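Text of the file structure03.pdb, holding PDB, C-alpha atoms, pLDDT in the B column:
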```pdb
ATOM      1  CA  MET A 864      18.953 -24.347 -26.713  1.00 52.00           C
ATOM      2  CA  ALA A 865      15.499 -22.927 -27.334  1.00 66.00           C
ATOM      3  CA  VAL A 866      14.879 -19.384 -26.203  1.00 67.00           C
ATOM      4  CA  GLY A 867      12.969 -19.527 -22.931  1.00 70.00           C
ATOM      5  CA  LYS A 868      14.679 -22.753 -21.800  1.00 75.00           C
ATOM      6  CA  ARG A 869      18.002 -21.068 -21.138  1.00 75.00           C
ATOM      7  CA  PRO A 870      19.121 -20.883 -17.513  1.00 69.00           C
ATOM      8  CA  LEU A 871      18.322 -17.517 -16.004  1.00 69.00           C
ATOM      9  CA  SER A 872      20.487 -15.412 -13.776  1.00 70.00           C
ATOM     10  CA  PRO A 873      20.523 -14.837 -10.794  1.00 70.00           C
ATOM     11  CA  HIS A 874      19.514 -18.415  -9.789  1.00 71.00           C
ATOM     12  CA  LEU A 875      17.411 -17.288  -6.834  1.00 72.00           C
ATOM     13  CA  GLN A 876      16.997 -20.860  -5.590  1.00 75.00           C
ATOM     14  CA  VAL A 877      20.695 -21.356  -4.805  1.00 79.00           C
ATOM     15  CA  TYR A 878      20.848 -18.378  -2.434  1.00 80.00           C
ATOM     16  CA  ARG A 879      20.236 -18.653   1.284  1.00 85.00           C
ATOM     17  CA  PRO A 880      17.436 -16.193   2.177  1.00 87.00           C
ATOM     18  CA  GLN A 881      18.879 -12.962   3.537  1.00 91.00           C
ATOM     19  CA  ILE A 882      17.112 -10.187   5.435  1.00 94.00           C
ATOM     20  CA  THR A 883      17.779  -7.814   2.518  1.00 94.00           C
ATOM     21  CA  SER A 884      16.136  -9.973  -0.154  1.00 92.00           C
ATOM     22  CA  VAL A 885      13.322 -11.232   2.090  1.00 94.00           C
ATOM     23  CA  LEU A 886      12.341  -7.686   3.142  1.00 96.00           C
ATOM     24  CA  SER A 887      12.577  -6.503  -0.463  1.00 95.00           C
ATOM     25  CA  ILE A 888      10.120  -9.044  -1.838  1.00 94.00           C
ATOM     26  CA  SER A 889       7.963  -8.620   1.285  1.00 97.00           C
ATOM     27  CA  HIS A 890       7.566  -4.950   0.406  1.00 97.00           C
ATOM     28  CA  ARG A 891       6.038  -5.938  -2.945  1.00 97.00           C
ATOM     29  CA  PHE A 892       3.927  -8.686  -1.397  1.00 97.00           C
ATOM     30  CA  SER A 893       2.584  -6.406   1.342  1.00 98.00           C
ATOM     31  CA  GLY A 894       1.806  -3.869  -1.406  1.00 98.00           C
ATOM     32  CA  ILE A 895      -0.402  -6.442  -3.144  1.00 98.00           C
ATOM     33  CA  VAL A 896      -2.103  -7.187   0.188  1.00 98.00           C
ATOM     34  CA  LEU A 897      -2.718  -3.461   0.683  1.00 98.00           C
ATOM     35  CA  ALA A 898      -4.212  -3.159  -2.823  1.00 98.00           C
ATOM     36  CA  ALA A 899      -6.779  -5.695  -1.597  1.00 98.00           C
ATOM     37  CA  GLY A 900      -7.006  -3.663   1.626  1.00 98.00           C
ATOM     38  CA  LEU A 901      -8.002  -0.615  -0.434  1.00 98.00           C
ATOM     39  CA  LEU A 902     -10.993  -2.612  -1.688  1.00 98.00           C
ATOM     40  CA  VAL A 903     -11.904  -3.485   1.922  1.00 98.00           C
ATOM     41  CA  LEU A 904     -11.699   0.206   2.889  1.00 98.00           C
ATOM     42  CA  VAL A 905     -13.935   1.177  -0.041  1.00 98.00           C
ATOM     43  CA  TYR A 906     -16.387  -1.623   0.826  1.00 98.00           C
ATOM     44  CA  TRP A 907     -16.534  -0.332   4.409  1.00 97.00           C
ATOM     45  CA  LEU A 908     -17.121   3.279   3.252  1.00 97.00           C
ATOM     46  CA  ALA A 909     -19.779   2.216   0.732  1.00 97.00           C
ATOM     47  CA  ALA A 910     -21.613   0.172   3.390  1.00 97.00           C
ATOM     48  CA  LEU A 911     -21.371   3.136   5.763  1.00 96.00           C
ATOM     49  CA  ALA A 912     -22.950   5.391   3.122  1.00 96.00           C
ATOM     50  CA  ALA A 913     -25.600   2.831   2.152  1.00 96.00           C
ATOM     51  CA  GLY A 914     -27.417   2.843   5.513  1.00 93.00           C
ATOM     52  CA  ASP A 915     -27.943   0.987   8.777  1.00 95.00           C
ATOM     53  CA  ALA A 916     -28.840  -2.420   7.321  1.00 96.00           C
ATOM     54  CA  ALA A 917     -25.905  -2.468   4.885  1.00 96.00           C
ATOM     55  CA  TYR A 918     -23.473  -1.323   7.572  1.00 97.00           C
ATOM     56  CA  ALA A 919     -24.692  -3.952  10.040  1.00 96.00           C
ATOM     57  CA  GLU A 920     -24.145  -6.594   7.369  1.00 97.00           C
ATOM     58  CA  ALA A 921     -20.653  -5.270   6.594  1.00 97.00           C
ATOM     59  CA  LEU A 922     -19.782  -5.342  10.308  1.00 96.00           C
ATOM     60  CA  SER A 923     -20.910  -8.971  10.587  1.00 96.00           C
ATOM     61  CA  VAL A 924     -18.796  -9.859   7.521  1.00 96.00           C
ATOM     62  CA  LEU A 925     -15.697  -7.951   8.733  1.00 95.00           C
ATOM     63  CA  GLY A 926     -16.167  -9.085  12.350  1.00 93.00           C
ATOM     64  CA  ALA A 927     -16.270 -12.824  11.602  1.00 95.00           C
ATOM     65  CA  TRP A 928     -13.247 -14.650  13.023  1.00 93.00           C
ATOM     66  CA  PRO A 929     -11.618 -15.885   9.795  1.00 96.00           C
ATOM     67  CA  VAL A 930     -11.989 -12.369   8.342  1.00 96.00           C
ATOM     68  CA  LYS A 931     -10.629 -10.857  11.555  1.00 95.00           C
ATOM     69  CA  LEU A 932      -7.519 -13.018  11.174  1.00 96.00           C
ATOM     70  CA  VAL A 933      -7.112 -11.762   7.596  1.00 97.00           C
ATOM     71  CA  LEU A 934      -7.539  -8.172   8.856  1.00 97.00           C
ATOM     72  CA  PHE A 935      -4.874  -8.829  11.503  1.00 97.00           C
ATOM     73  CA  LEU A 936      -2.421 -10.019   8.832  1.00 97.00           C
ATOM     74  CA  GLY A 937      -3.514  -7.117   6.620  1.00 98.00           C
ATOM     75  CA  SER A 938      -2.789  -4.635   9.406  1.00 97.00           C
ATOM     76  CA  PHE A 939       0.715  -6.124   9.723  1.00 98.00           C
ATOM     77  CA  ALA A 940       1.120  -5.640   5.968  1.00 98.00           C
ATOM     78  CA  PHE A 941       0.035  -1.998   6.440  1.00 98.00           C
ATOM     79  CA  PHE A 942       2.523  -1.280   9.244  1.00 98.00           C
ATOM     80  CA  TYR A 943       5.291  -3.204   7.461  1.00 98.00           C
ATOM     81  CA  HIS A 944       4.754  -1.359   4.169  1.00 98.00           C
ATOM     82  CA  LEU A 945       4.603   1.942   6.090  1.00 98.00           C
ATOM     83  CA  ALA A 946       7.843   1.292   8.003  1.00 98.00           C
ATOM     84  CA  ASN A 947       9.729  -0.193   5.060  1.00 98.00           C
ATOM     85  CA  GLY A 948       8.378   2.582   2.810  1.00 98.00           C
ATOM     86  CA  ILE A 949       9.960   5.153   5.138  1.00 97.00           C
ATOM     87  CA  ARG A 950      13.180   3.081   4.884  1.00 98.00           C
ATOM     88  CA  HIS A 951      12.947   3.323   1.093  1.00 98.00           C
ATOM     89  CA  LEU A 952      12.411   7.101   1.257  1.00 97.00           C
ATOM     90  CA  TRP A 953      15.470   7.341   3.507  1.00 97.00           C
ATOM     91  CA  TRP A 954      17.461   5.372   0.909  1.00 97.00           C
ATOM     92  CA  ASP A 955      16.136   7.751  -1.784  1.00 96.00           C
ATOM     93  CA  SER A 956      17.934  10.542   0.036  1.00 96.00           C
ATOM     94  CA  GLY A 957      21.180   8.644  -0.650  1.00 96.00           C
ATOM     95  CA  ARG A 958      21.772   7.560   2.971  1.00 97.00           C
ATOM     96  CA  GLY A 959      21.921   4.251   4.816  1.00 96.00           C
ATOM     97  CA  PHE A 960      23.506   2.066   2.139  1.00 96.00           C
ATOM     98  CA  GLU A 961      26.359   0.602   4.215  1.00 96.00           C
ATOM     99  CA  ILE A 962      25.635  -3.108   4.666  1.00 95.00           C
ATOM    100  CA  SER A 963      25.579  -2.790   8.478  1.00 96.00           C
ATOM    101  CA  GLN A 964      23.114   0.108   8.179  1.00 97.00           C
ATOM    102  CA  VAL A 965      20.910  -1.878   5.766  1.00 97.00           C
ATOM    103  CA  TYR A 966      20.761  -4.794   8.235  1.00 97.00           C
ATOM    104  CA  ALA A 967      20.077  -2.484  11.188  1.00 98.00           C
ATOM    105  CA  SER A 968      17.277  -0.594   9.406  1.00 98.00           C
ATOM    106  CA  GLY A 969      15.828  -3.936   8.256  1.00 98.00           C
ATOM    107  CA  TRP A 970      15.565  -5.238  11.811  1.00 98.00           C
ATOM    108  CA  ALA A 971      14.202  -1.859  12.933  1.00 98.00           C
ATOM    109  CA  VAL A 972      11.438  -2.170  10.322  1.00 98.00           C
ATOM    110  CA  ILE A 973      10.529  -5.702  11.491  1.00 98.00           C
ATOM    111  CA  ILE A 974      10.438  -4.621  15.144  1.00 98.00           C
ATOM    112  CA  ALA A 975       8.472  -1.429  14.425  1.00 98.00           C
ATOM    113  CA  ALA A 976       5.895  -3.208  12.236  1.00 98.00           C
ATOM    114  CA  SER A 977       5.389  -5.985  14.802  1.00 98.00           C
ATOM    115  CA  ALA A 978       5.135  -3.567  17.723  1.00 98.00           C
ATOM    116  CA  LEU A 979       2.665  -1.263  15.935  1.00 98.00           C
ATOM    117  CA  THR A 980       0.502  -4.231  14.867  1.00 97.00           C
ATOM    118  CA  LEU A 981       0.372  -5.637  18.417  1.00 97.00           C
ATOM    119  CA  LEU A 982      -0.268  -2.165  19.879  1.00 96.00           C
ATOM    120  CA  ALA A 983      -3.131  -1.497  17.461  1.00 96.00           C
ATOM    121  CA  TRP A 984      -4.811  -4.855  18.117  1.00 95.00           C
ATOM    122  CA  GLY A 985      -4.236  -4.483  21.833  1.00 95.00           C
ATOM    123  CA  ILE A 986      -6.251  -1.260  21.657  1.00 93.00           C
ATOM    124  CA  VAL A 987      -8.921  -2.896  19.452  1.00 90.00           C
ATOM    125  CA  LEU A 988      -9.380  -5.974  21.635  1.00 89.00           C
ATOM    126  CA  PHE A 989      -8.677  -4.770  25.172  1.00 87.00           C
ATOM    127  CA  GLY A 990      -9.091  -1.040  25.394  1.00 77.00           C
ATOM    128  CA  GLY A 991      -9.603   2.179  23.540  1.00 55.00           C
ATOM    129  CA  ALA A 992     -12.984   3.707  22.867  1.00 48.00           C
ATOM    130  CA  SER A 993     -14.905   0.445  22.935  1.00 47.00           C
TER     131      SER A 993
ATOM    132  CA  MET B 586      31.996   9.592 -23.664  1.00 69.00           C
ATOM    133  CA  SER B 587      28.255   9.288 -23.545  1.00 79.00           C
ATOM    134  CA  LEU B 588      26.457   7.372 -26.279  1.00 83.00           C
ATOM    135  CA  ARG B 589      23.237   9.292 -25.617  1.00 83.00           C
ATOM    136  CA  SER B 590      22.266  11.932 -28.142  1.00 87.00           C
ATOM    137  CA  PRO B 591      22.384  15.567 -26.993  1.00 88.00           C
ATOM    138  CA  LEU B 592      18.639  15.866 -27.653  1.00 88.00           C
ATOM    139  CA  GLY B 593      17.934  12.737 -25.588  1.00 86.00           C
ATOM    140  CA  ARG B 594      19.997  14.139 -22.718  1.00 84.00           C
ATOM    141  CA  ALA B 595      18.263  17.507 -22.876  1.00 87.00           C
ATOM    142  CA  LEU B 596      14.783  15.965 -22.842  1.00 87.00           C
ATOM    143  CA  GLY B 597      15.740  13.603 -20.028  1.00 83.00           C
ATOM    144  CA  LEU B 598      12.876  11.226 -20.748  1.00 88.00           C
ATOM    145  CA  GLY B 599      14.820   7.972 -21.182  1.00 84.00           C
ATOM    146  CA  ALA B 600      13.987   4.982 -23.376  1.00 82.00           C
ATOM    147  CA  ALA B 601      10.371   4.662 -22.256  1.00 83.00           C
ATOM    148  CA  GLY B 602       9.713   8.375 -22.860  1.00 84.00           C
ATOM    149  CA  ASN B 603       8.294   8.975 -19.400  1.00 86.00           C
ATOM    150  CA  GLY B 604      11.393  10.201 -17.580  1.00 87.00           C
ATOM    151  CA  THR B 605      11.072  10.024 -13.817  1.00 90.00           C
ATOM    152  CA  ALA B 606       7.287  10.630 -13.793  1.00 92.00           C
ATOM    153  CA  HIS B 607       6.313   7.189 -12.474  1.00 94.00           C
ATOM    154  CA  TRP B 608       9.124   7.107  -9.902  1.00 95.00           C
ATOM    155  CA  TRP B 609       8.360  10.612  -8.635  1.00 96.00           C
ATOM    156  CA  GLN B 610       4.593  10.066  -8.420  1.00 97.00           C
ATOM    157  CA  GLN B 611       5.241   6.924  -6.379  1.00 97.00           C
ATOM    158  CA  ARG B 612       7.417   8.924  -3.944  1.00 97.00           C
ATOM    159  CA  VAL B 613       4.992  11.833  -3.602  1.00 98.00           C
ATOM    160  CA  THR B 614       2.047   9.514  -2.960  1.00 98.00           C
ATOM    161  CA  ALA B 615       4.226   7.480  -0.556  1.00 98.00           C
ATOM    162  CA  VAL B 616       4.920  10.532   1.620  1.00 98.00           C
ATOM    163  CA  ALA B 617       1.255  11.564   1.454  1.00 98.00           C
ATOM    164  CA  LEU B 618       0.109   8.055   2.379  1.00 98.00           C
ATOM    165  CA  ALA B 619       2.540   7.764   5.286  1.00 98.00           C
ATOM    166  CA  LEU B 620       0.866  10.870   6.761  1.00 98.00           C
ATOM    167  CA  LEU B 621      -2.733  10.097   5.731  1.00 98.00           C
ATOM    168  CA  GLY B 622      -2.389   6.417   6.650  1.00 97.00           C
ATOM    169  CA  ALA B 623      -1.014   7.175  10.114  1.00 97.00           C
ATOM    170  CA  TRP B 624      -3.784   9.750  10.636  1.00 98.00           C
ATOM    171  CA  PHE B 625      -6.494   7.299   9.576  1.00 98.00           C
ATOM    172  CA  ALA B 626      -5.079   4.421  11.645  1.00 96.00           C
ATOM    173  CA  ILE B 627      -5.029   6.582  14.787  1.00 96.00           C
ATOM    174  CA  CYS B 628      -8.569   7.881  14.123  1.00 96.00           C
ATOM    175  CA  LEU B 629      -9.867   4.377  13.425  1.00 94.00           C
ATOM    176  CA  LEU B 630      -8.540   3.177  16.801  1.00 93.00           C
ATOM    177  CA  SER B 631     -10.250   6.004  18.678  1.00 92.00           C
ATOM    178  CA  LEU B 632     -13.631   5.637  16.934  1.00 93.00           C
ATOM    179  CA  GLU B 633     -16.523   3.391  17.965  1.00 91.00           C
ATOM    180  CA  LEU B 634     -16.842   1.262  14.818  1.00 91.00           C
ATOM    181  CA  GLY B 635     -20.203  -0.255  15.796  1.00 92.00           C
ATOM    182  CA  ASP B 636     -21.963   3.147  15.955  1.00 94.00           C
ATOM    183  CA  ARG B 637     -22.872   4.086  12.372  1.00 95.00           C
ATOM    184  CA  ALA B 638     -24.428   7.444  13.254  1.00 94.00           C
ATOM    185  CA  ALA B 639     -21.360   8.544  15.231  1.00 95.00           C
ATOM    186  CA  LEU B 640     -19.029   7.392  12.437  1.00 96.00           C
ATOM    187  CA  ALA B 641     -21.072   9.242   9.809  1.00 96.00           C
ATOM    188  CA  GLY B 642     -20.981  12.349  12.005  1.00 95.00           C
ATOM    189  CA  TRP B 643     -17.215  12.065  12.267  1.00 97.00           C
ATOM    190  CA  ILE B 644     -16.796  11.677   8.485  1.00 97.00           C
ATOM    191  CA  ALA B 645     -19.195  14.561   7.867  1.00 95.00           C
ATOM    192  CA  ARG B 646     -16.771  17.050   9.455  1.00 96.00           C
ATOM    193  CA  PRO B 647     -15.092  18.932   6.563  1.00 96.00           C
ATOM    194  CA  LEU B 648     -11.456  18.160   7.425  1.00 97.00           C
ATOM    195  CA  ASN B 649     -12.183  14.472   8.017  1.00 97.00           C
ATOM    196  CA  ALA B 650     -14.198  14.160   4.791  1.00 97.00           C
ATOM    197  CA  ALA B 651     -11.457  15.917   2.796  1.00 98.00           C
ATOM    198  CA  LEU B 652      -8.619  13.835   4.240  1.00 98.00           C
ATOM    199  CA  LEU B 653     -10.588  10.590   3.850  1.00 98.00           C
ATOM    200  CA  GLY B 654     -11.352  11.424   0.204  1.00 98.00           C
ATOM    201  CA  LEU B 655      -7.676  12.249  -0.371  1.00 98.00           C
ATOM    202  CA  LEU B 656      -6.663   9.003   1.362  1.00 98.00           C
ATOM    203  CA  VAL B 657      -8.831   6.951  -1.017  1.00 98.00           C
ATOM    204  CA  LEU B 658      -7.588   8.813  -4.115  1.00 98.00           C
ATOM    205  CA  THR B 659      -3.904   8.766  -3.098  1.00 98.00           C
ATOM    206  CA  ALA B 660      -4.025   5.103  -2.062  1.00 98.00           C
ATOM    207  CA  ALA B 661      -5.687   4.161  -5.353  1.00 98.00           C
ATOM    208  CA  TRP B 662      -3.043   6.043  -7.359  1.00 98.00           C
ATOM    209  CA  HIS B 663      -0.100   4.641  -5.357  1.00 98.00           C
ATOM    210  CA  SER B 664      -1.563   1.123  -5.553  1.00 98.00           C
ATOM    211  CA  GLN B 665      -2.164   1.470  -9.283  1.00 98.00           C
ATOM    212  CA  LEU B 666       1.477   2.502  -9.815  1.00 98.00           C
ATOM    213  CA  GLY B 667       2.858  -0.327  -7.684  1.00 97.00           C
ATOM    214  CA  THR B 668       0.719  -3.227  -8.864  1.00 97.00           C
ATOM    215  CA  ARG B 669       1.344  -2.175 -12.475  1.00 97.00           C
ATOM    216  CA  VAL B 670       5.111  -2.584 -11.969  1.00 96.00           C
ATOM    217  CA  ILE B 671       4.607  -5.990 -10.334  1.00 96.00           C
ATOM    218  CA  VAL B 672       2.550  -7.227 -13.304  1.00 97.00           C
ATOM    219  CA  GLU B 673       5.074  -5.775 -15.770  1.00 95.00           C
ATOM    220  CA  ASP B 674       7.896  -7.572 -13.948  1.00 93.00           C
ATOM    221  CA  TYR B 675       6.372 -11.018 -13.412  1.00 93.00           C
ATOM    222  CA  VAL B 676       3.534 -11.595 -15.890  1.00 94.00           C
ATOM    223  CA  LYS B 677       4.383 -12.581 -19.435  1.00 91.00           C
ATOM    224  CA  GLY B 678       2.390 -13.547 -22.513  1.00 93.00           C
ATOM    225  CA  ALA B 679      -1.268 -13.142 -23.350  1.00 96.00           C
ATOM    226  CA  LEU B 680      -2.310 -12.456 -19.740  1.00 96.00           C
ATOM    227  CA  LYS B 681      -0.145  -9.356 -19.254  1.00 97.00           C
ATOM    228  CA  VAL B 682      -2.092  -6.617 -21.050  1.00 97.00           C
ATOM    229  CA  PRO B 683      -5.590  -7.782 -19.968  1.00 98.00           C
ATOM    230  CA  LEU B 684      -4.333  -7.938 -16.370  1.00 97.00           C
ATOM    231  CA  LEU B 685      -2.859  -4.420 -16.618  1.00 97.00           C
ATOM    232  CA  LEU B 686      -6.173  -3.135 -18.015  1.00 98.00           C
ATOM    233  CA  ALA B 687      -8.163  -4.924 -15.308  1.00 98.00           C
ATOM    234  CA  LEU B 688      -5.941  -3.397 -12.605  1.00 98.00           C
ATOM    235  CA  GLN B 689      -6.498   0.107 -14.003  1.00 98.00           C
ATOM    236  CA  PHE B 690     -10.274  -0.426 -14.072  1.00 98.00           C
ATOM    237  CA  VAL B 691     -10.454  -1.919 -10.566  1.00 98.00           C
ATOM    238  CA  HIS B 692      -8.443   0.994  -9.153  1.00 98.00           C
ATOM    239  CA  ALA B 693     -10.566   3.565 -11.000  1.00 98.00           C
ATOM    240  CA  ILE B 694     -13.764   1.967  -9.682  1.00 98.00           C
ATOM    241  CA  ALA B 695     -12.386   1.720  -6.130  1.00 98.00           C
ATOM    242  CA  ALA B 696     -11.362   5.396  -6.168  1.00 98.00           C
ATOM    243  CA  ALA B 697     -14.729   6.498  -7.577  1.00 98.00           C
ATOM    244  CA  VAL B 698     -16.848   4.423  -5.174  1.00 98.00           C
ATOM    245  CA  GLY B 699     -14.743   5.535  -2.197  1.00 98.00           C
ATOM    246  CA  VAL B 700     -15.024   9.238  -3.033  1.00 98.00           C
ATOM    247  CA  VAL B 701     -18.771   9.007  -3.795  1.00 97.00           C
ATOM    248  CA  ALA B 702     -19.344   7.215  -0.475  1.00 97.00           C
ATOM    249  CA  VAL B 703     -17.444   9.896   1.464  1.00 97.00           C
ATOM    250  CA  LEU B 704     -19.349  12.661  -0.349  1.00 97.00           C
ATOM    251  CA  GLN B 705     -22.702  10.955   0.287  1.00 96.00           C
ATOM    252  CA  ILE B 706     -21.930  10.822   3.996  1.00 96.00           C
ATOM    253  CA  ALA B 707     -20.437  14.313   4.177  1.00 95.00           C
ATOM    254  CA  ILE B 708     -22.808  16.227   1.891  1.00 93.00           C
ATOM    255  CA  GLY B 709     -25.722  13.861   1.335  1.00 84.00           C
ATOM    256  CA  GLY B 710     -26.266  13.458   5.073  1.00 80.00           C
ATOM    257  CA  ARG B 711     -26.247   9.655   4.974  1.00 74.00           C
TER     258      ARG B 711
END
```
Give the structure from this file in structure tokens form.
Amino acid sequence: MAVGKRPLSPHLQVYRPQITSVLSISHRFSGIVLAAGLLVLVYWLAALAAGDAAYAEALSVLGAWPVKLVLFLGSFAFFYHLANGIRHLWWDSGRGFEISQVYASGWAVIIAASALTLLAWGIVLFGGAS
Amino acid sequence: MSLRSPLGRALGLGAAGNGTAHWWQQRVTAVALALLGAWFAICLLSLELGDRAALAGWIARPLNAALLGLLVLTAAWHSQLGTRVIVEDYVKGALKVPLLLALQFVHAIAAAVGVVAVLQIAIGGR
């Protein structure tokens, strides 16, 4: 059999998705989203530095509804990567590796990321300074 | 019995020759970003984003300008480390090295533009 056509372990497609594997790949995926988010942050700062006209244009771009939806998903990626990153740092200390603990911390990350995202957008849309 | 040479063990740099440098930098920037990111998210929620003059005034305060500059630099470094590993893991063939180069350049430009923008607002009085 030609090299490159051989079957590869671990046959990801035959496994039922589990919270461990789904959260693991989500950490990478949310990291890619946040790399794009860094570019949005820099765009916002550059527009802010460039003057009133540039900032007004940036606000109209970032405030448009499709973009707002992307920012909402991006903010979830931020809170997820933050919460799961803390989980990773906790693992780095050598703790929390029992399977029951891994499941519990996984659900805690999902709940924390969802709650923080909804809280933040609740403040943006319904309260806060504006 | 270890098959590693005594010199290899003493240097502790492993097969790639970089030791734990990448891993450790990712952890240090992760802790920094957890703090800086939480700080920035809270500030962002309490600021009036439509008021450019007020925002510029907020950024112009020394602590805010310093932390915002550090946030951009740390995020760019952490992101550069992470996306590099993703490309190394999943991209094969002729695309791999150009993509790695492009990622380095994009992150360098993002970090530079972000820091210049913060400095223009903080020192240049924009």
Give me, as a Markdown table, the closest atom pair and its distance (Å, one decimal) for every residue of chain A within a cut-off of 8 Å of chain B, counting only C-alpha atoms, rows sorted by chain and rising number.
```
| residue | atom | partner | partner_atom | distance |
| --- | --- | --- | --- | --- |
| A:Arg891 | CA | B:Ile671 | CA | 7.5 |
| A:Gly894 | CA | B:Gly667 | CA | 7.3 |
| A:Ile895 | CA | B:Thr668 | CA | 6.7 |
| A:Leu897 | CA | B:Ser664 | CA | 7.8 |
| A:Ala898 | CA | B:Ser664 | CA | 5.7 |
| A:Leu901 | CA | B:Ala660 | CA | 7.2 |
| A:Leu902 | CA | B:Ala695 | CA | 6.4 |
| A:Leu904 | CA | B:Gly699 | CA | 8.0 |
| A:Val905 | CA | B:Gly699 | CA | 4.9 |
| A:Tyr906 | CA | B:Gly699 | CA | 7.9 |
| A:Leu908 | CA | B:Ala702 | CA | 5.9 |
| A:Ala909 | CA | B:Ala702 | CA | 5.2 |
| A:Leu911 | CA | B:Arg637 | CA | 6.8 |
| A:Ala912 | CA | B:Ala702 | CA | 5.4 |
| A:Ala913 | CA | B:Arg711 | CA | 7.4 |
| A:Gly914 | CA | B:Arg711 | CA | 6.9 |
| A:Asp915 | CA | B:Arg637 | CA | 6.9 |
| A:Tyr918 | CA | B:Arg637 | CA | 7.3 |
| A:Leu922 | CA | B:Gly635 | CA | 7.5 |
| A:Leu945 | CA | B:Ala619 | CA | 6.2 |
| A:Gly948 | CA | B:Ala615 | CA | 7.2 |
| A:Ile949 | CA | B:Ala619 | CA | 7.9 |
| A:Leu952 | CA | B:Arg612 | CA | 7.4 |
| A:Ala983 | CA | B:Leu630 | CA | 7.2 |
| A:Ile986 | CA | B:Leu630 | CA | 7.0 |
| A:Val987 | CA | B:Leu630 | CA | 6.6 |
| A:Gly991 | CA | B:Ser631 | CA | 6.2 |
| A:Ala992 | CA | B:Ser631 | CA | 5.5 |
| A:Ser993 | CA | B:Glu633 | CA | 6.0 |
```
For the atom pair atom CA of Ser587 of chain B and atom CA of Ser956 of chain A, what is the interatomic distance in Å to one decimal place?
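Between atom CA of Ser587 of chain B and atom CA of Ser956 of chain A the gap works out to 25.8 Å.
Of the residues under consideration (A:Ser889, A:Gly900, A:Gln881, A:Gly957), A:Gly900 shows the shortest atom-to-atom contact distance to Leu934 of chain A when counting only C-alpha atoms.
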Run through the PyMOL selection byres ((chain A and resi 887) around 12) on the given coordinates and return the selected residues as number ranges by chain.
A: 880-886, 888-894, 943-944, 947-948, 950-951, 965, 969, 972
